[in-house]
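K.L.:
What follows is the file data-v6.tsv, containing TSV, C-alpha atoms:
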chain	number	residue	atom	x	y	z
A	1	MET	CA	101.86	96.00	-2.42
A	2	ALA	CA	98.73	96.82	-0.45
A	3	GLU	CA	95.90	98.34	-2.45
A	4	ASN	CA	92.54	99.92	-1.68
A	5	LYS	CA	89.70	100.49	-4.09
A	6	ASN	CA	89.26	104.04	-5.33
A	7	ALA	CA	86.31	105.91	-6.74
A	8	GLY	CA	85.71	107.77	-9.96
A	9	GLY	CA	87.88	105.58	-12.20
A	10	MET	CA	91.09	106.44	-10.36
A	11	PRO	CA	93.81	103.75	-10.03
A	12	PRO	CA	93.74	101.79	-6.76
A	13	LYS	CA	95.26	103.53	-3.77
A	14	THR	CA	98.66	102.15	-2.82
A	15	LYS	CA	100.37	101.70	0.53
A	16	LYS	CA	103.87	100.38	-0.30
A	17	ASN	CA	103.82	97.91	2.60
A	18	ILE	CA	104.03	100.77	5.10
A	19	LYS	CA	102.26	99.69	8.27
A	20	ASN	CA	100.64	103.04	9.07
A	21	ILE	CA	100.17	106.16	6.94
A	22	VAL	CA	98.74	109.16	8.76
A	23	ALA	CA	97.83	112.46	7.10
A	24	VAL	CA	97.87	115.64	9.19
A	25	GLY	CA	95.49	118.32	7.97
A	26	SER	CA	93.30	121.18	9.05
A	27	GLY	CA	91.69	122.83	6.04
A	28	LYS	CA	92.99	126.07	7.55
A	29	GLY	CA	96.40	127.73	7.54
A	30	GLY	CA	98.12	129.09	10.62
A	31	VAL	CA	97.08	126.38	13.08
A	32	GLY	CA	100.55	124.81	13.36
A	33	LYS	CA	99.81	121.79	11.19
A	34	SER	CA	103.37	121.31	9.93
A	35	THR	CA	104.74	121.71	13.45
A	36	LEU	CA	102.29	119.03	14.65
A	37	SER	CA	103.34	116.76	11.76
A	38	ALA	CA	106.97	117.12	12.80
A	39	LEU	CA	106.19	116.67	16.51
A	40	LEU	CA	104.16	113.53	15.77
A	41	ALA	CA	107.08	112.13	13.78
A	42	VAL	CA	109.44	112.95	16.66
A	43	ALA	CA	107.09	111.34	19.20
A	44	LEU	CA	106.76	108.13	17.16
A	45	ALA	CA	110.50	107.97	16.42
A	46	ARG	CA	111.25	108.24	20.15
A	47	LYS	CA	109.14	105.11	20.59
A	48	GLY	CA	111.55	103.29	18.31
A	49	LEU	CA	109.53	103.38	15.08
A	50	GLU	CA	111.05	104.01	11.65
A	51	VAL	CA	109.30	107.23	10.64
A	52	GLY	CA	109.11	109.32	7.47
A	53	ILE	CA	107.40	112.57	6.50
A	54	LEU	CA	106.07	113.31	3.03
A	55	ASP	CA	105.69	117.09	2.87
A	56	ALA	CA	102.68	117.51	0.56
A	57	ASP	CA	102.60	121.27	1.12
A	58	ILE	CA	104.38	121.85	-2.19
A	59	THR	CA	104.18	125.66	-2.22
A	60	GLY	CA	104.75	126.24	1.51
A	61	PRO	CA	107.08	123.48	2.71
A	62	SER	CA	108.18	123.74	6.35
A	63	ILE	CA	109.27	120.27	7.43
A	64	PRO	CA	112.98	120.42	6.41
A	65	LYS	CA	113.45	123.67	8.34
A	66	LEU	CA	111.76	122.32	11.48
A	67	LEU	CA	113.91	119.17	11.54
A	68	GLY	CA	117.15	120.70	10.24
A	69	VAL	CA	117.26	118.55	7.09
A	70	ARG	CA	119.28	120.11	4.28
A	71	GLU	CA	120.63	117.21	2.22
A	72	LYS	CA	119.08	116.41	-1.14
A	73	PRO	CA	117.51	113.02	-1.90
A	74	PHE	CA	119.74	110.69	-3.91
A	75	VAL	CA	118.98	108.14	-6.61
A	76	THR	CA	119.80	104.44	-6.32
A	77	ASP	CA	118.75	101.30	-8.21
A	78	LYS	CA	116.09	100.84	-5.51
A	79	GLY	CA	114.55	104.27	-6.07
A	80	VAL	CA	115.07	107.74	-4.65
A	81	ILE	CA	116.31	107.70	-1.05
A	82	PRO	CA	115.07	110.57	1.14
A	83	PRO	CA	117.52	112.27	3.51
A	84	LYS	CA	117.17	111.79	7.26
A	85	SER	CA	117.18	114.07	10.28
A	86	SER	CA	120.41	114.04	12.22
A	87	TRP	CA	119.25	112.70	15.59
A	88	LEU	CA	116.26	110.39	15.21
A	89	GLY	CA	116.73	109.51	11.55
A	90	ILE	CA	113.33	110.74	10.39
A	91	LYS	CA	113.13	110.50	6.59
A	92	VAL	CA	111.95	113.67	4.87
A	93	MET	CA	110.84	114.44	1.33
A	94	SER	CA	109.91	118.03	0.55
A	95	THR	CA	109.98	120.52	-2.29
A	96	ASN	CA	112.58	122.61	-0.46
A	97	LEU	CA	115.06	119.71	-0.68
A	98	VAL	CA	115.09	119.81	-4.48
A	99	LEU	CA	115.19	123.59	-5.03
A	100	ASP	CA	118.50	125.32	-5.68
A	101	ASP	CA	117.32	128.21	-3.50
A	102	PRO	CA	114.77	127.23	-0.80
A	103	SER	CA	113.61	130.85	-0.51
A	104	LYS	CA	112.35	130.92	-4.10
A	105	PRO	CA	108.60	130.37	-4.59
A	106	VAL	CA	107.06	127.38	-6.35
A	107	VAL	CA	104.65	129.03	-8.81
A	108	TRP	CA	102.80	126.04	-10.20
A	109	ARG	CA	99.23	125.32	-11.20
A	110	GLY	CA	97.29	122.44	-9.69
A	111	PRO	CA	98.25	119.68	-12.17
A	112	LEU	CA	101.97	120.25	-11.60
A	113	ILE	CA	101.49	120.20	-7.83
A	114	GLY	CA	99.62	116.91	-8.15
A	115	LYS	CA	102.42	115.42	-10.28
A	116	ALA	CA	105.03	116.47	-7.72
A	117	ILE	CA	103.14	114.72	-4.94
A	118	MET	CA	102.77	111.61	-7.11
A	119	GLN	CA	106.54	111.57	-7.68
A	120	PHE	CA	107.27	112.03	-3.98
A	121	TRP	CA	105.09	109.01	-3.29
A	122	GLU	CA	105.83	106.73	-6.23
A	123	ASP	CA	109.54	107.35	-6.88
A	124	LEU	CA	110.81	107.39	-3.32
A	125	ASN	CA	111.91	104.31	-1.45
A	126	TRP	CA	109.74	104.35	1.68
A	127	GLU	CA	109.77	100.56	2.04
A	128	ASP	CA	111.37	100.18	5.49
A	129	THR	CA	109.22	102.95	6.96
A	130	GLU	CA	106.85	101.79	9.71
A	131	CYS	CA	104.88	105.03	9.97
A	132	LEU	CA	104.65	107.69	7.28
A	133	ILE	CA	103.28	111.14	8.14
A	134	VAL	CA	101.81	113.12	5.25
A	135	ASP	CA	101.81	116.85	5.98
A	136	LEU	CA	98.85	118.25	4.02
A	137	PRO	CA	98.64	121.87	2.82
A	138	PRO	CA	95.83	124.19	3.92
A	139	GLY	CA	92.56	123.83	2.08
A	140	THR	CA	90.70	120.99	0.37
A	141	ALA	CA	91.88	121.49	-3.22
A	142	ASP	CA	94.28	119.74	-5.62
A	143	ALA	CA	97.13	118.68	-3.34
A	144	THR	CA	94.95	117.28	-0.56
A	145	LEU	CA	92.67	115.58	-3.09
A	146	THR	CA	95.68	113.96	-4.80
A	147	VAL	CA	96.93	112.54	-1.50
A	148	MET	CA	93.55	111.16	-0.46
A	149	GLN	CA	92.87	109.60	-3.85
A	150	MET	CA	96.34	108.14	-4.40
A	151	ILE	CA	97.61	106.98	-1.00
A	152	ALA	CA	95.90	104.34	1.14
A	153	LEU	CA	95.79	106.47	4.27
A	154	ASP	CA	95.04	104.80	7.58
A	155	GLY	CA	93.53	108.04	8.77
A	156	VAL	CA	93.70	111.80	9.16
A	157	MET	CA	94.73	113.62	12.32
A	158	VAL	CA	92.96	116.98	12.27
A	159	VAL	CA	94.58	120.08	13.79
A	160	SER	CA	92.54	122.98	15.13
A	161	THR	CA	92.88	125.98	17.44
A	162	PRO	CA	90.35	127.21	20.03
A	163	GLN	CA	88.56	129.81	17.89
A	164	GLY	CA	85.14	128.97	16.53
A	165	LEU	CA	86.26	130.21	13.11
A	166	ALA	CA	89.06	127.64	13.07
A	167	SER	CA	86.61	124.87	13.95
A	168	LEU	CA	84.33	125.95	11.10
A	169	ILE	CA	87.13	125.63	8.52
A	170	VAL	CA	88.52	122.45	10.07
A	171	GLU	CA	85.13	120.81	9.56
A	172	LYS	CA	85.61	121.24	5.81
A	173	MET	CA	88.62	118.93	6.05
A	174	MET	CA	86.61	116.46	8.12
A	175	HIS	CA	83.79	116.46	5.57
A	176	MET	CA	86.34	115.90	2.78
A	177	ALA	CA	87.87	112.91	4.58
A	178	GLN	CA	84.41	111.48	5.10
A	179	MET	CA	83.50	111.97	1.43
A	180	LEU	CA	86.66	110.17	0.31
A	181	GLU	CA	86.26	107.40	2.90
A	182	VAL	CA	89.41	108.25	4.84
A	183	PRO	CA	89.07	107.52	8.58
A	184	LEU	CA	89.23	110.42	11.03
A	185	LEU	CA	91.67	109.48	13.78
A	186	GLY	CA	90.87	112.43	16.01
A	187	ILE	CA	91.54	116.09	16.71
A	188	VAL	CA	94.54	117.88	18.15
A	189	GLU	CA	93.93	121.33	19.57
A	190	ASN	CA	97.04	123.46	19.17
A	191	MET	CA	97.80	126.70	21.04
A	192	GLY	CA	94.86	126.06	23.35
A	193	TYR	CA	96.37	127.93	26.27
A	194	ALA	CA	99.53	129.43	27.72
A	195	VAL	CA	100.91	128.83	31.20
A	196	CYS	CA	102.19	131.73	33.30
A	197	PRO	CA	105.86	130.96	34.08
A	198	HIS	CA	105.52	132.58	37.52
A	199	CYS	CA	102.25	131.29	39.00
A	200	GLY	CA	101.27	128.44	36.69
A	201	GLU	CA	97.90	129.98	35.79
A	202	LYS	CA	96.48	128.92	32.43
A	203	TRP	CA	95.60	131.73	30.02
A	204	GLU	CA	93.13	131.11	27.19
A	205	LEU	CA	94.81	133.44	24.71
A	206	TYR	CA	92.35	132.69	21.90
A	207	GLY	CA	89.22	132.35	24.00
A	208	PRO	CA	87.43	129.23	25.23
A	209	SER	CA	88.01	125.92	23.48
A	210	HIS	CA	85.55	124.47	20.97
A	211	VAL	CA	87.35	121.15	20.57
A	212	GLU	CA	85.06	119.11	22.83
A	213	LYS	CA	81.99	120.22	20.87
A	214	LEU	CA	83.76	119.27	17.65
A	215	SER	CA	84.74	115.92	19.13
A	216	GLU	CA	81.17	115.17	20.22
A	217	LYS	CA	79.66	116.25	16.92
A	218	TRP	CA	81.96	114.05	14.87
A	219	LYS	CA	82.29	111.24	17.42
A	220	VAL	CA	86.09	111.26	17.25
A	221	PRO	CA	88.52	111.56	20.18
A	222	VAL	CA	90.56	114.57	21.20
A	223	ILE	CA	94.05	113.14	20.71
A	224	ALA	CA	95.94	115.89	22.52
A	225	GLY	CA	95.87	119.54	23.50
A	226	LEU	CA	99.04	121.56	23.08
A	227	PRO	CA	99.82	124.86	24.81
A	228	VAL	CA	101.49	127.91	23.33
A	229	ASP	CA	105.12	126.93	24.00
A	230	ARG	CA	107.99	129.22	23.07
A	231	GLU	CA	110.39	126.26	23.13
A	232	ILE	CA	108.61	124.77	20.12
A	233	SER	CA	109.09	128.01	18.18
A	234	ILE	CA	112.73	128.41	19.21
A	235	LEU	CA	113.67	124.81	18.40
A	236	GLY	CA	111.76	124.87	15.10
A	237	ASP	CA	113.52	128.03	13.96
A	238	ALA	CA	116.85	126.40	14.83
A	239	GLY	CA	116.00	123.17	12.99
A	240	ARG	CA	116.16	121.24	16.26
A	241	LEU	CA	112.54	120.24	16.91
A	242	GLU	CA	113.73	116.67	17.54
A	243	HIS	CA	115.11	117.93	20.86
A	244	TYR	CA	111.76	119.17	22.21
A	245	ALA	CA	111.81	118.28	25.90
A	246	ASN	CA	108.13	118.14	26.92
A	247	GLU	CA	107.79	114.37	27.10
A	248	ALA	CA	104.19	114.54	28.34
A	249	VAL	CA	103.07	116.36	25.18
A	250	LEU	CA	104.93	113.93	22.92
A	251	GLU	CA	103.63	110.87	24.80
A	252	ASN	CA	100.03	112.08	24.56
A	253	LEU	CA	100.43	112.79	20.87
A	254	ALA	CA	102.00	109.44	19.96
A	255	ASP	CA	99.80	107.34	22.24
A	256	GLY	CA	96.63	109.08	21.07
A	257	VAL	CA	97.39	108.43	17.40
A	258	LEU	CA	98.52	104.83	17.95
A	259	LYS	CA	95.39	104.10	19.97
A	260	SER	CA	93.18	105.55	17.23
A	261	LEU	CA	95.00	103.50	14.59
A	262	LYS	CA	94.18	100.30	16.46
Kindly transcribe the structure held in the file into structure tokens.

P.N.:
Amino acid sequence: MAENKNAGGMPPKTKKNIKNIVAVGSGKGGVGKSTLSALLAVALARKGLEVGILDADITGPSIPKLLGVREKPFVTDKGVIPPKSSWLGIKVMSTNLVLDDPSKPVVWRGPLIGKAIMQFWEDLNWEDTECLIVDLPPGTADATLTVMQMIALDGVMVVSTPQGLASLIVEKMMHMAQMLEVPLLGIVENMGYAVCPHCGEKWELYGPSHVEKLSEKWKVPVIAGLPVDREISILGDAGRLEHYANEAVLENLADGVLKSLK
């Protein structure tokens, strides 16, 4: 098992022989982080990789809904086996898959949230996974800290939107990654523009982009820029995000992350 040194007396970070482990975070809610986590998994799976998603957003899990995963994980002598999405076989572990009623809230304090993430990581059999995506919750508190201190991440893909306010909060996540010695893979700007279906004109719905300034300041690449796309919303609501048809977006996303990992 691969291990990395950890600070503050914590046990060594573990990797479980997974080739690449990528966290997706933003520090801010509402930027489409979970959607980007799912789209990245879809993009990598379409390249033939064995992909899994650990949904670390314990109190606001979205991944099972986006990918249409409803089955519960099952226990074997080799550990807990996560269910897979129906088309690309993306493995998913999320709080919503172990609740009797997915609409009920998870009202837990920080230590319980941390223990749940530890169980998702330690008890599940991720061994044949080539790339694991960890969908982080908003903020820089207990859950995100647990992930960064426990899992030997290969890097963090940061998600932002064009507003300056979003960039300000996203930088908190970037500072946190830097403090905990987790590499920053790059930035994805989500909902950067919309395209008029009649004339093709680009509309900056949220004002001018700040992503290039952020990229220059932190010396990390802009991995991809995604438009406001109603197809993403429609497919996500239907649990069919695996069938997203914009190959250019998916190619840019997968290639940008794989290039940064190298």

K.L.:
When you count all atoms listed in the file, which of these residues is closest to Ala38 of chain A: A:Val228, A:Ala56, A:Ala245, A:Ile133?

P.N.:
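Smallest separation from Ala38 of chain A among the options: A:Ile133.
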
K.L.:
Could you check which residues have any atom within 9 Å of (110.5, 120.0, 3.1), counting all atoms listed in the file with coordinates taken straight from the file, and then list them as a list in words?

P.N.:
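Residues found, by chain and rising number: Ile53, Leu54, Asp55, Ala56, Asp57, Ile58, Gly60, Pro61, Ser62, Ile63, Pro64, Lys65, Leu66, Val69, Arg70, Val92, Met93, Ser94, Thr95, Asn96, Leu97 and Val98 of chain A.
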
K.L.:
I'd like the contact shell of Val211 of chain A - 7 Å cut-off, all atoms listed in the file, skipping same-chain residues fewer than 2 positions apart - returned as number ranges by chain.

P.N.:
A: 162, 189, 209, 213-215

K.L.:
Nearest residue to Thr146 of chain A out of A:Leu112, A:Val257, A:Ala194, A:Val75, using all atoms listed in the file?

P.N.:
A:Leu112

K.L.:
So how many Å separate atom CA of Val156 of chain A and atom CA of Ala254 of chain A, to one decimal?

P.N.:
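Pair atom CA of Val156 of chain A / atom CA of Ala254 of chain A returns 13.8 Å.
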
K.L.:
The centre and edge lengths of an axis-aligned box containing all atoms of segment 108-117 of chain A present in the file, extended by 4 Å on each side, are to be given in Å to one decimal, as lines of an AutoDock Vina configuration file.

P.N.:
center_x = 101.2
center_y = 120.4
center_z = -8.6
size_x = 15.7
size_y = 19.3
size_z = 15.2

K.L.:
What does the distance from atom CA of Pro11 of chain A to atom CA of Gly110 of chain A come to in Å, to one decimal?

P.N.:
19.0 Å

K.L.:
Given all atoms listed in the file as the basis, pick out the residue of A:Pro102, A:Asp154, A:Asp77, A:Ala23 nearest to Lys262 of chain A.

P.N.:
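Looking only at the distances to Lys262 of chain A, the closest residue turns out to be A:Asp154.
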
K.L.:
Let me make sure I understand: among A:Val106, A:Ile169, A:Val42, A:Leu49, which one has the smallest atom-to-atom distance to Gly30 of chain A if we use only C-alpha atoms?

P.N.:
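Counting only C-alpha atoms, the residue closest to Gly30 of chain A is A:Ile169.
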
K.L.:
From the options A:Ala41, A:Leu253, A:Ala224, A:Leu99, which residue's atoms come nearest to Val134 of chain A, counting all atoms listed in the file?

P.N.:
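Of the candidates, the smallest distance to Val134 of chain A is held by A:Ala41.
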
K.L.:
Counting all atoms listed in the file, figure out which residue out of A:Gly32, A:Pro183, A:Pro12, A:Gly89 gets nearest to Ala45 of chain A.

P.N.:
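Smallest distance to Ala45 of chain A is found for A:Gly89.
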
K.L.:
What are the nearest atom pairs, with distances in Å to one decimal, for all residues of segment 59-168 of chain A that come at most 12 Å from segment 195-208 of chain A, using only C-alpha atoms, set out by chain and rising residue number as a Markdown table?

P.N.:
| residue | atom | partner | partner_atom | distance |
| --- | --- | --- | --- | --- |
| A:Ser160 | CA | A:Tyr206 | CA | 11.8 |
| A:Thr161 | CA | A:Tyr206 | CA | 8.1 |
| A:Pro162 | CA | A:Tyr206 | CA | 6.1 |
| A:Gln163 | CA | A:Tyr206 | CA | 6.2 |
| A:Gly164 | CA | A:Pro208 | CA | 9.0 |
| A:Leu165 | CA | A:Tyr206 | CA | 11.0 |
| A:Ala166 | CA | A:Tyr206 | CA | 10.7 |

K.L.:
Name all residues at most 12 Å from Asn246 of chain A (count only C-alpha atoms; drop same-chain ones fewer than 3 positions away) and give them as an MDAnalysis selection string.

P.N.:
chainID A and resid 39 42:43 226:227 229:232 241:243 249:253

K.L.:
As an exercise, work out the distance from atom CA of Leu235 of chain A to atom CA of Asp101 of chain A in Å and give it to one decimal place.

P.N.:
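Atom-to-atom, atom CA of Leu235 of chain A and atom CA of Asp101 of chain A are spaced 22.5 Å apart.
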
K.L.:
Excluding Gly68 of chain A and its own-chain neighbours fewer than 4 positions away, which residues fall within 7 Å of it when counting only C-alpha atoms? Please give them as JSON, numbers by chain.

P.N.:
{"A": [64, 85, 239, 240]}
